[in-house]
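Novice: As input, take input-v9.cif (mmCIF, C-alpha atoms and all ligand atoms):
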```cif
data_my_file
#
loop_
_atom_site.label_atom_id
_atom_site.label_comp_id
_atom_site.auth_asym_id
_atom_site.auth_seq_id
_atom_site.Cartn_x
_atom_site.Cartn_y
_atom_site.Cartn_z
CA MET A 1 107.05 88.19 84.59
CA ILE A 2 105.08 88.10 87.82
CA LYS A 3 101.45 88.09 88.69
CA GLN A 4 100.73 89.66 92.07
CA LYS A 5 97.73 89.13 94.29
CA LYS A 6 95.06 91.68 93.50
CA THR A 7 93.33 91.44 96.85
CA GLY A 8 93.51 94.30 99.33
CA GLN A 9 95.26 94.01 102.67
CA VAL A 10 94.03 94.49 106.19
CA ILE A 11 96.04 97.24 107.87
CA VAL A 12 95.72 97.51 111.62
CA ILE A 13 96.71 100.81 113.17
CA SER A 14 96.94 101.19 116.93
CA ALA A 15 98.13 104.03 119.09
CA PRO A 16 97.44 105.47 122.51
CA SER A 17 94.75 108.14 122.31
CA GLY A 18 96.37 111.48 121.64
CA ALA A 19 99.15 109.95 119.50
CA GLY A 20 97.47 111.32 116.39
CA LYS A 21 96.46 108.12 114.60
CA ASP A 22 93.20 109.56 113.26
CA THR A 23 95.02 112.52 111.71
CA VAL A 24 97.61 110.20 110.17
CA VAL A 25 94.85 108.04 108.67
CA LYS A 26 93.00 111.10 107.34
CA GLU A 27 96.17 112.09 105.47
CA LEU A 28 96.62 108.54 104.14
CA MET A 29 93.07 108.67 102.78
CA LYS A 30 93.72 112.02 101.08
CA ASN A 31 96.74 110.48 99.33
CA ASN A 32 94.93 107.42 98.02
CA PRO A 33 91.16 107.53 98.51
CA ASP A 34 90.23 104.90 95.89
CA GLU A 35 92.53 102.16 97.09
CA ARG A 36 91.79 102.39 100.81
CA TRP A 37 88.82 102.21 103.07
CA VAL A 38 88.64 102.98 106.79
CA SER A 39 86.33 100.71 108.71
CA VAL A 40 83.85 102.55 110.95
CA SER A 41 83.59 100.86 114.34
CA ALA A 42 80.65 100.66 116.70
CA THR A 43 80.98 101.89 120.27
CA SER A 44 78.91 102.21 123.39
CA ARG A 45 80.69 105.42 124.43
CA ALA A 46 78.89 108.73 124.00
CA PRO A 47 79.80 110.84 120.94
CA ARG A 48 82.35 113.58 121.60
CA GLU A 49 81.59 117.06 120.45
CA GLY A 50 81.86 117.24 116.68
CA GLU A 51 81.73 113.47 116.14
CA GLN A 52 79.18 112.14 113.67
CA GLU A 53 77.13 108.95 113.57
CA GLY A 54 78.37 106.65 110.81
CA VAL A 55 81.46 108.79 110.22
CA ASP A 56 83.43 108.52 113.45
CA TYR A 57 81.51 105.60 114.96
CA TYR A 58 78.15 103.90 115.02
CA TYR A 59 76.90 104.83 118.48
CA LEU A 60 75.03 102.05 120.27
CA SER A 61 73.73 101.65 123.80
CA LYS A 62 75.42 99.00 125.93
CA GLU A 63 72.38 96.76 125.45
CA GLU A 64 72.32 97.23 121.67
CA PHE A 65 76.03 96.47 121.54
CA GLU A 66 75.61 93.28 123.58
CA LYS A 67 72.78 92.16 121.30
CA LYS A 68 75.03 92.62 118.27
CA ILE A 69 77.78 90.61 119.96
CA GLU A 70 75.33 87.75 120.35
CA GLU A 71 74.27 88.05 116.72
CA GLY A 72 77.92 87.62 115.63
CA TYR A 73 77.94 91.09 114.06
CA PHE A 74 81.57 91.86 115.00
CA LEU A 75 84.84 90.61 113.55
CA GLU A 76 86.37 91.57 116.93
CA TYR A 77 85.27 93.65 119.87
CA THR A 78 86.65 94.74 123.20
CA ASN A 79 85.91 96.69 126.33
CA TYR A 80 88.22 99.69 126.56
CA ALA A 81 88.23 102.32 129.32
CA GLY A 82 84.74 101.20 130.36
CA ASN A 83 83.11 101.15 126.90
CA TYR A 84 82.56 98.61 124.15
CA TYR A 85 84.25 99.03 120.78
CA GLY A 86 83.85 96.64 117.85
CA THR A 87 84.65 96.17 114.16
CA PRO A 88 81.57 95.25 112.10
CA LYS A 89 82.21 92.23 109.86
CA GLU A 90 80.16 93.42 106.93
CA TYR A 91 82.00 95.08 104.01
CA ILE A 92 85.51 93.99 105.06
CA GLU A 93 85.68 90.87 102.87
CA LYS A 94 83.98 92.66 99.96
CA LYS A 95 86.52 95.50 100.04
CA ILE A 96 89.47 93.08 100.25
CA ASN A 97 88.17 91.08 97.27
CA LYS A 98 87.81 94.29 95.27
CA GLY A 99 91.52 95.02 95.87
CA ILE A 100 90.84 97.76 98.38
CA ASP A 101 92.98 97.94 101.54
CA VAL A 102 90.96 98.00 104.75
CA ILE A 103 92.28 100.13 107.60
CA LEU A 104 91.23 99.21 111.13
CA ILE A 105 92.01 101.80 113.80
CA ILE A 106 91.73 99.67 116.92
CA GLU A 107 93.36 99.20 120.32
CA ILE A 108 95.88 96.46 121.18
CA GLU A 109 93.53 93.72 122.34
CA GLY A 110 91.50 94.03 119.14
CA ALA A 111 94.74 94.01 117.15
CA ALA A 112 95.82 90.79 118.86
CA ASN A 113 92.47 89.22 117.97
CA ILE A 114 92.84 90.30 114.33
CA LYS A 115 96.31 88.74 114.29
CA LYS A 116 94.74 85.41 115.20
CA LEU A 117 92.03 85.76 112.52
CA ILE A 118 94.13 87.38 109.77
CA PRO A 119 97.83 86.66 110.41
CA GLU A 120 98.88 88.25 107.10
CA ALA A 121 97.45 91.64 108.13
CA VAL A 122 99.92 94.53 108.55
CA PHE A 123 100.24 95.83 112.11
CA ILE A 124 101.42 99.41 112.60
CA PHE A 125 101.82 101.16 115.95
CA ILE A 126 101.83 104.96 116.03
CA MET A 127 103.87 106.20 118.97
CA PRO A 128 103.64 109.65 120.56
CA PRO A 129 107.02 111.40 120.92
CA SER A 130 106.66 111.10 124.74
CA LEU A 131 104.00 110.39 127.37
CA LYS A 132 104.31 114.01 128.50
CA GLU A 133 103.43 115.16 124.99
CA LEU A 134 100.52 112.70 124.93
CA VAL A 135 99.01 114.23 128.09
CA ARG A 136 99.53 117.72 126.65
CA ARG A 137 97.65 116.73 123.47
CA LEU A 138 94.81 115.10 125.45
CA LYS A 139 94.42 118.24 127.61
CA LYS A 140 94.49 120.44 124.51
CA ARG A 141 91.77 118.32 122.88
CA GLY A 142 89.65 119.11 125.93
CA THR A 143 87.20 116.26 125.39
CA GLU A 144 88.04 114.44 128.60
CA ASP A 145 88.13 115.46 132.26
CA ASN A 146 91.23 114.87 134.41
CA GLU A 147 90.05 111.49 135.67
CA LYS A 148 89.50 110.21 132.14
CA ILE A 149 92.86 111.63 131.04
CA LEU A 150 94.50 109.67 133.86
CA LYS A 151 92.70 106.49 132.68
CA ARG A 152 93.90 107.11 129.13
CA PHE A 153 97.44 107.81 130.40
CA HIS A 154 97.43 104.49 132.24
CA ALA A 155 96.09 102.69 129.15
CA ALA A 156 98.73 104.41 126.99
CA TYR A 157 101.50 103.20 129.29
CA GLN A 158 100.28 99.62 128.99
CA GLU A 159 99.78 99.89 125.23
CA ILE A 160 103.30 101.16 124.59
CA ASN A 161 104.65 98.05 126.30
CA GLU A 162 102.90 95.92 123.66
CA VAL A 163 104.58 97.62 120.71
CA THR A 164 106.84 94.66 119.91
CA LYS A 165 103.79 92.63 118.86
CA TYR A 166 103.39 94.94 115.85
CA ASN A 167 105.28 94.76 112.54
CA TYR A 168 106.11 98.47 112.42
CA VAL A 169 106.35 101.43 114.75
CA VAL A 170 106.13 105.05 113.60
CA VAL A 171 106.77 107.96 115.96
CA ASN A 172 104.35 110.79 115.27
CA ASP A 173 106.51 113.77 116.08
CA LYS A 174 105.95 115.65 112.84
CA LEU A 175 102.72 114.68 111.05
CA GLU A 176 104.13 114.86 107.53
CA ASP A 177 107.06 112.57 108.40
CA ALA A 178 104.79 110.08 110.13
CA VAL A 179 102.43 109.95 107.13
CA ASN A 180 105.35 109.46 104.73
CA LYS A 181 106.66 106.61 106.84
CA VAL A 182 103.30 104.83 106.93
CA GLU A 183 102.91 105.39 103.18
CA SER A 184 106.34 103.76 102.63
CA ILE A 185 105.35 100.81 104.80
CA LEU A 186 102.17 100.28 102.77
CA ASN A 187 104.12 100.49 99.51
CA ALA A 188 106.71 98.03 100.76
CA GLU A 189 104.00 95.62 101.89
CA LYS A 190 102.64 95.53 98.32
CA CYS A 191 106.07 94.25 97.18
CA ARG A 192 106.27 91.35 99.62
CA VAL A 193 107.11 88.06 97.90
CA ASP A 194 104.19 86.35 99.58
CA ARG A 195 101.95 88.58 97.45
CA ILE A 196 103.28 86.88 94.30
CA GLU A 197 100.74 84.52 92.83
CA GLU A 198 102.77 83.33 89.87
CA VAL A 199 106.18 83.85 88.22
CA PHE A 200 106.11 83.18 84.49
CA LEU A 201 108.07 83.58 81.25
CA ASP A 202 106.44 84.36 77.89
CA THR A 203 106.92 81.94 74.96
CA LYS A 204 109.97 83.73 73.56
CA GLU A 205 111.62 83.95 76.96
CA GLU A 206 110.98 80.21 77.48
CA GLU A 207 112.60 79.48 74.10
CA ILE A 208 115.68 81.55 74.94
CA HIS A 209 115.93 79.85 78.30
CA GLU A 210 115.81 76.40 76.67
CA LEU A 211 118.46 77.34 74.09
CA LEU A 212 120.73 78.61 76.87
CA MET A 213 120.25 75.37 78.80
CA GLU A 214 121.33 73.50 75.64
CA LYS A 215 124.29 75.91 75.32
CA ASP A 216 122.99 76.91 71.87
CA PHE A 217 124.27 80.47 72.27
CA ASP A 218 124.08 81.37 68.56
CA ASN A 219 120.34 80.75 68.27
CA ALA A 220 119.73 82.32 71.68
CA LYS A 221 121.56 85.44 70.48
CA GLN A 222 119.35 85.54 67.39
CA LEU A 223 116.21 85.47 69.49
CA ILE A 224 117.43 88.19 71.84
CA LYS A 225 117.96 90.61 68.90
P1 LIG A 301 88.26 106.64 121.39
O1 LIG A 301 87.28 106.54 122.51
O2 LIG A 301 89.43 107.52 121.74
O3 LIG A 301 87.62 107.00 120.09
O4 LIG A 301 88.85 105.16 121.18
C1 LIG A 301 89.44 104.45 122.21
C2 LIG A 301 90.25 103.29 121.67
O5 LIG A 301 89.39 102.32 121.07
C3 LIG A 301 91.21 103.72 120.56
O6 LIG A 301 92.46 103.09 120.79
C4 LIG A 301 90.56 103.21 119.32
O7 LIG A 301 91.50 102.94 118.30
C5 LIG A 301 89.94 101.93 119.83
N1 LIG A 301 88.89 101.42 118.95
C6 LIG A 301 88.06 102.10 118.13
N2 LIG A 301 87.27 101.27 117.46
C7 LIG A 301 87.61 100.01 117.84
C8 LIG A 301 87.16 98.70 117.47
O8 LIG A 301 86.29 98.50 116.64
N3 LIG A 301 87.75 97.65 118.09
C9 LIG A 301 88.75 97.81 119.01
N4 LIG A 301 89.28 96.70 119.53
N5 LIG A 301 89.19 99.02 119.38
C10 LIG A 301 88.64 100.11 118.80
#
```
Translate the structure described by the file into structure tokens.
Specialist:
Amino acid sequence: MIKQKKTGQVIVISAPSGAGKDTVVKELMKNNPDERWVSVSATSRAPREGEQEGVDYYYLSKEEFEKKIEEGYFLEYTNYAGNYYGTPKEYIEKKINKGIDVILIIEIEGAANIKKLIPEAVFIFIMPPSLKELVRRLKKRGTEDNEKILKRFHAAYQEINEVTKYNYVVVNDKLEDAVNKVESILNAEKCRVDRIEEVFLDTKEEEIHELLMEKDFDNAKQLIK
């Protein structure tokens, strides 16, 4: 009856740091590892303890990053809290054409740039239950000193004000609920009518339709049997 687009979708996920977006995405990947791919960004910030090159980020010096900007290596990039972050172009189109959804975990300015480049992308904002809870999570993570936490708090405040530019907002109070909500959003997006390529009837259905148009109910009934 319908033929749907087989291409993957670009899914942009933003959230203030500490809202738990990486954990949500990890769970999404566990649910459906073959149909999704998380883009690994490049950054000029130093790796945090436990982070791995090529897994969490590609770590570049400021100079290396700027060289790559000039070479047109990034789909989008930004300067966030004093460091560069960017989405490498390579792979994204290939994954989409193979029917794999591409997840970009990026901040709001990058998301706005993606909206200009790929308006049909799906934009999801993960919200912490409160700013107080966000600070508590950042302190618990222990990767940033107080000054950096204040910077992140300030950034979070500004980011939350931009939430209406997204298509969906999910509050990450309980991880399991948040993951289920994002999963439902992704499922619903697959059913959007703008993903229909063609609506068609098979030969028999066409014949029945024509008979009904001619009000030839007897022959139509025969065909339906
Ligand atoms: P963090 O330093 O906590 O890993 O990341 C800081 C912010 O940069 C987060 O909001 C993260 O989602 C965002 N970010 C990570 N990679 C990219 C990217 O490639 N482009 C943009 N615009 N933001 C990114």
Novice: For ligand LIG 301 (chain A), return the neighbouring residues as a ChimeraX atom specification (distance at most 7 Å; only C-alpha atoms and all ligand atoms).
Specialist: /A:14-17,41-43,45,76-78,80,85-87,105-111
Novice: Around all listed atoms of range 160-176 of chain A, padded 5 Å per side, what centre and edge lengths does the axis-aligned box have in Å to one decimal, as AutoDock Vina command-line options?
Specialist:
```
--center_x 104.8 --center_y 104.1 --center_z 116.9 --size_x 14.1 --size_y 33.0 --size_z 28.8
```
Novice: For Ile11 in chain A, which residue among A:Ala155, A:Leu150, A:Val55, A:Val182 is the nearest when counting all atoms listed in the file?
Specialist: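 Using all atoms listed in the file, the shortest distance to Ile11 in chain A belongs to A:Val182.
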Novice: Just to confirm, what's the straight-line distance from CA of Tyr157 in chain A to CA of Glu133 in chain A in Å (one decimal)?
Specialist: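 Interatomic distance, CA of Tyr157 in chain A to CA of Glu133 in chain A: 12.9 Å.
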Novice: Take CA of Val12 in chain A and CA of Lys190 in chain A and report the distance between them in Å, one decimal.
Specialist: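 Here the two named atoms are 15.1 Å from each other.
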Novice: If you measure from CA of Ala188 in chain A to CA of Lys98 in chain A, what distance in Å do you get, rounded to one decimal?
Specialist: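 Separation between CA of Ala188 in chain A and CA of Lys98 in chain A: 20.0 Å.
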Novice: With distances taken over only C-alpha atoms, which residue among A:Lys26, A:Arg195, A:Lys165, A:Lys204 lies nearest Phe125 in chain A?
Specialist: A:Lys165
Novice: Quick one: of A:Glu159, A:Asp101, A:Asp216, A:Glu147, who's nearest to Met29 in chain A, counting only C-alpha atoms?
Specialist: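 Ranked by minimum distance to Met29 in chain A, first place goes to A:Asp101.
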Novice: Residues within 12 Å of Glu64 in chain A, please, as an MDAnalysis selection string. Count all atoms listed in the file; anything in the same chain fewer than 6 positions from it doesn't count.
Specialist: chainID A and resid 42:44 58 70:71 73 84
Novice: Around the point (101.9, 110.3, 131.5) in the file's coordinates, collect all residues with an atom within 12 Å, using only C-alpha atoms, and return them as an MDAnalysis selection string.
Specialist: chainID A and resid 16:18 128:139 146 149:158 160
Novice: Next, write the just-selected residues to a file, as a CSV table (one decimal), in the frame of the given file, keeping C-alpha atoms as the atom set.
Specialist:
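The file below, result02.csv, is the result:
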```csv
chain,number,residue,atom,x,y,z
A,16,PRO,CA,97.4,105.5,122.5
A,17,SER,CA,94.8,108.1,122.3
A,18,GLY,CA,96.4,111.5,121.6
A,128,PRO,CA,103.6,109.6,120.6
A,129,PRO,CA,107.0,111.4,120.9
A,130,SER,CA,106.7,111.1,124.7
A,131,LEU,CA,104.0,110.4,127.4
A,132,LYS,CA,104.3,114.0,128.5
A,133,GLU,CA,103.4,115.2,125.0
A,134,LEU,CA,100.5,112.7,124.9
A,135,VAL,CA,99.0,114.2,128.1
A,136,ARG,CA,99.5,117.7,126.6
A,137,ARG,CA,97.6,116.7,123.5
A,138,LEU,CA,94.8,115.1,125.4
A,139,LYS,CA,94.4,118.2,127.6
A,146,ASN,CA,91.2,114.9,134.4
A,149,ILE,CA,92.9,111.6,131.0
A,150,LEU,CA,94.5,109.7,133.9
A,151,LYS,CA,92.7,106.5,132.7
A,152,ARG,CA,93.9,107.1,129.1
A,153,PHE,CA,97.4,107.8,130.4
A,154,HIS,CA,97.4,104.5,132.2
A,155,ALA,CA,96.1,102.7,129.2
A,156,ALA,CA,98.7,104.4,127.0
A,157,TYR,CA,101.5,103.2,129.3
A,158,GLN,CA,100.3,99.6,129.0
A,160,ILE,CA,103.3,101.2,124.6
```
Novice: Have a look at A:Val10, A:Ile100, A:Val122, A:Ala46 and name the one nearest to Asn32 in chain A; count all atoms listed in the file.
Specialist: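 Among the listed residues, the smallest separation from Asn32 in chain A belongs to A:Ile100.
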Novice: From the set A:Glu66, A:Asp145, A:Thr7, A:Glu53, which residue has the shortest atom-to-atom contact distance to Lys94 in chain A, counting all atoms listed in the file?
Specialist: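 Of A:Glu66, A:Asp145, A:Thr7, A:Glu53, the one nearest Lys94 in chain A, counting all atoms listed in the file, is A:Thr7.
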Novice: When distances are computed from only C-alpha atoms, which of A:Ala112, A:Ile92, A:Ala178, A:Val171 shows the smallest separation from Thr23 in chain A?
Specialist: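 For Thr23 in chain A, the nearest of the given residues is A:Ala178.
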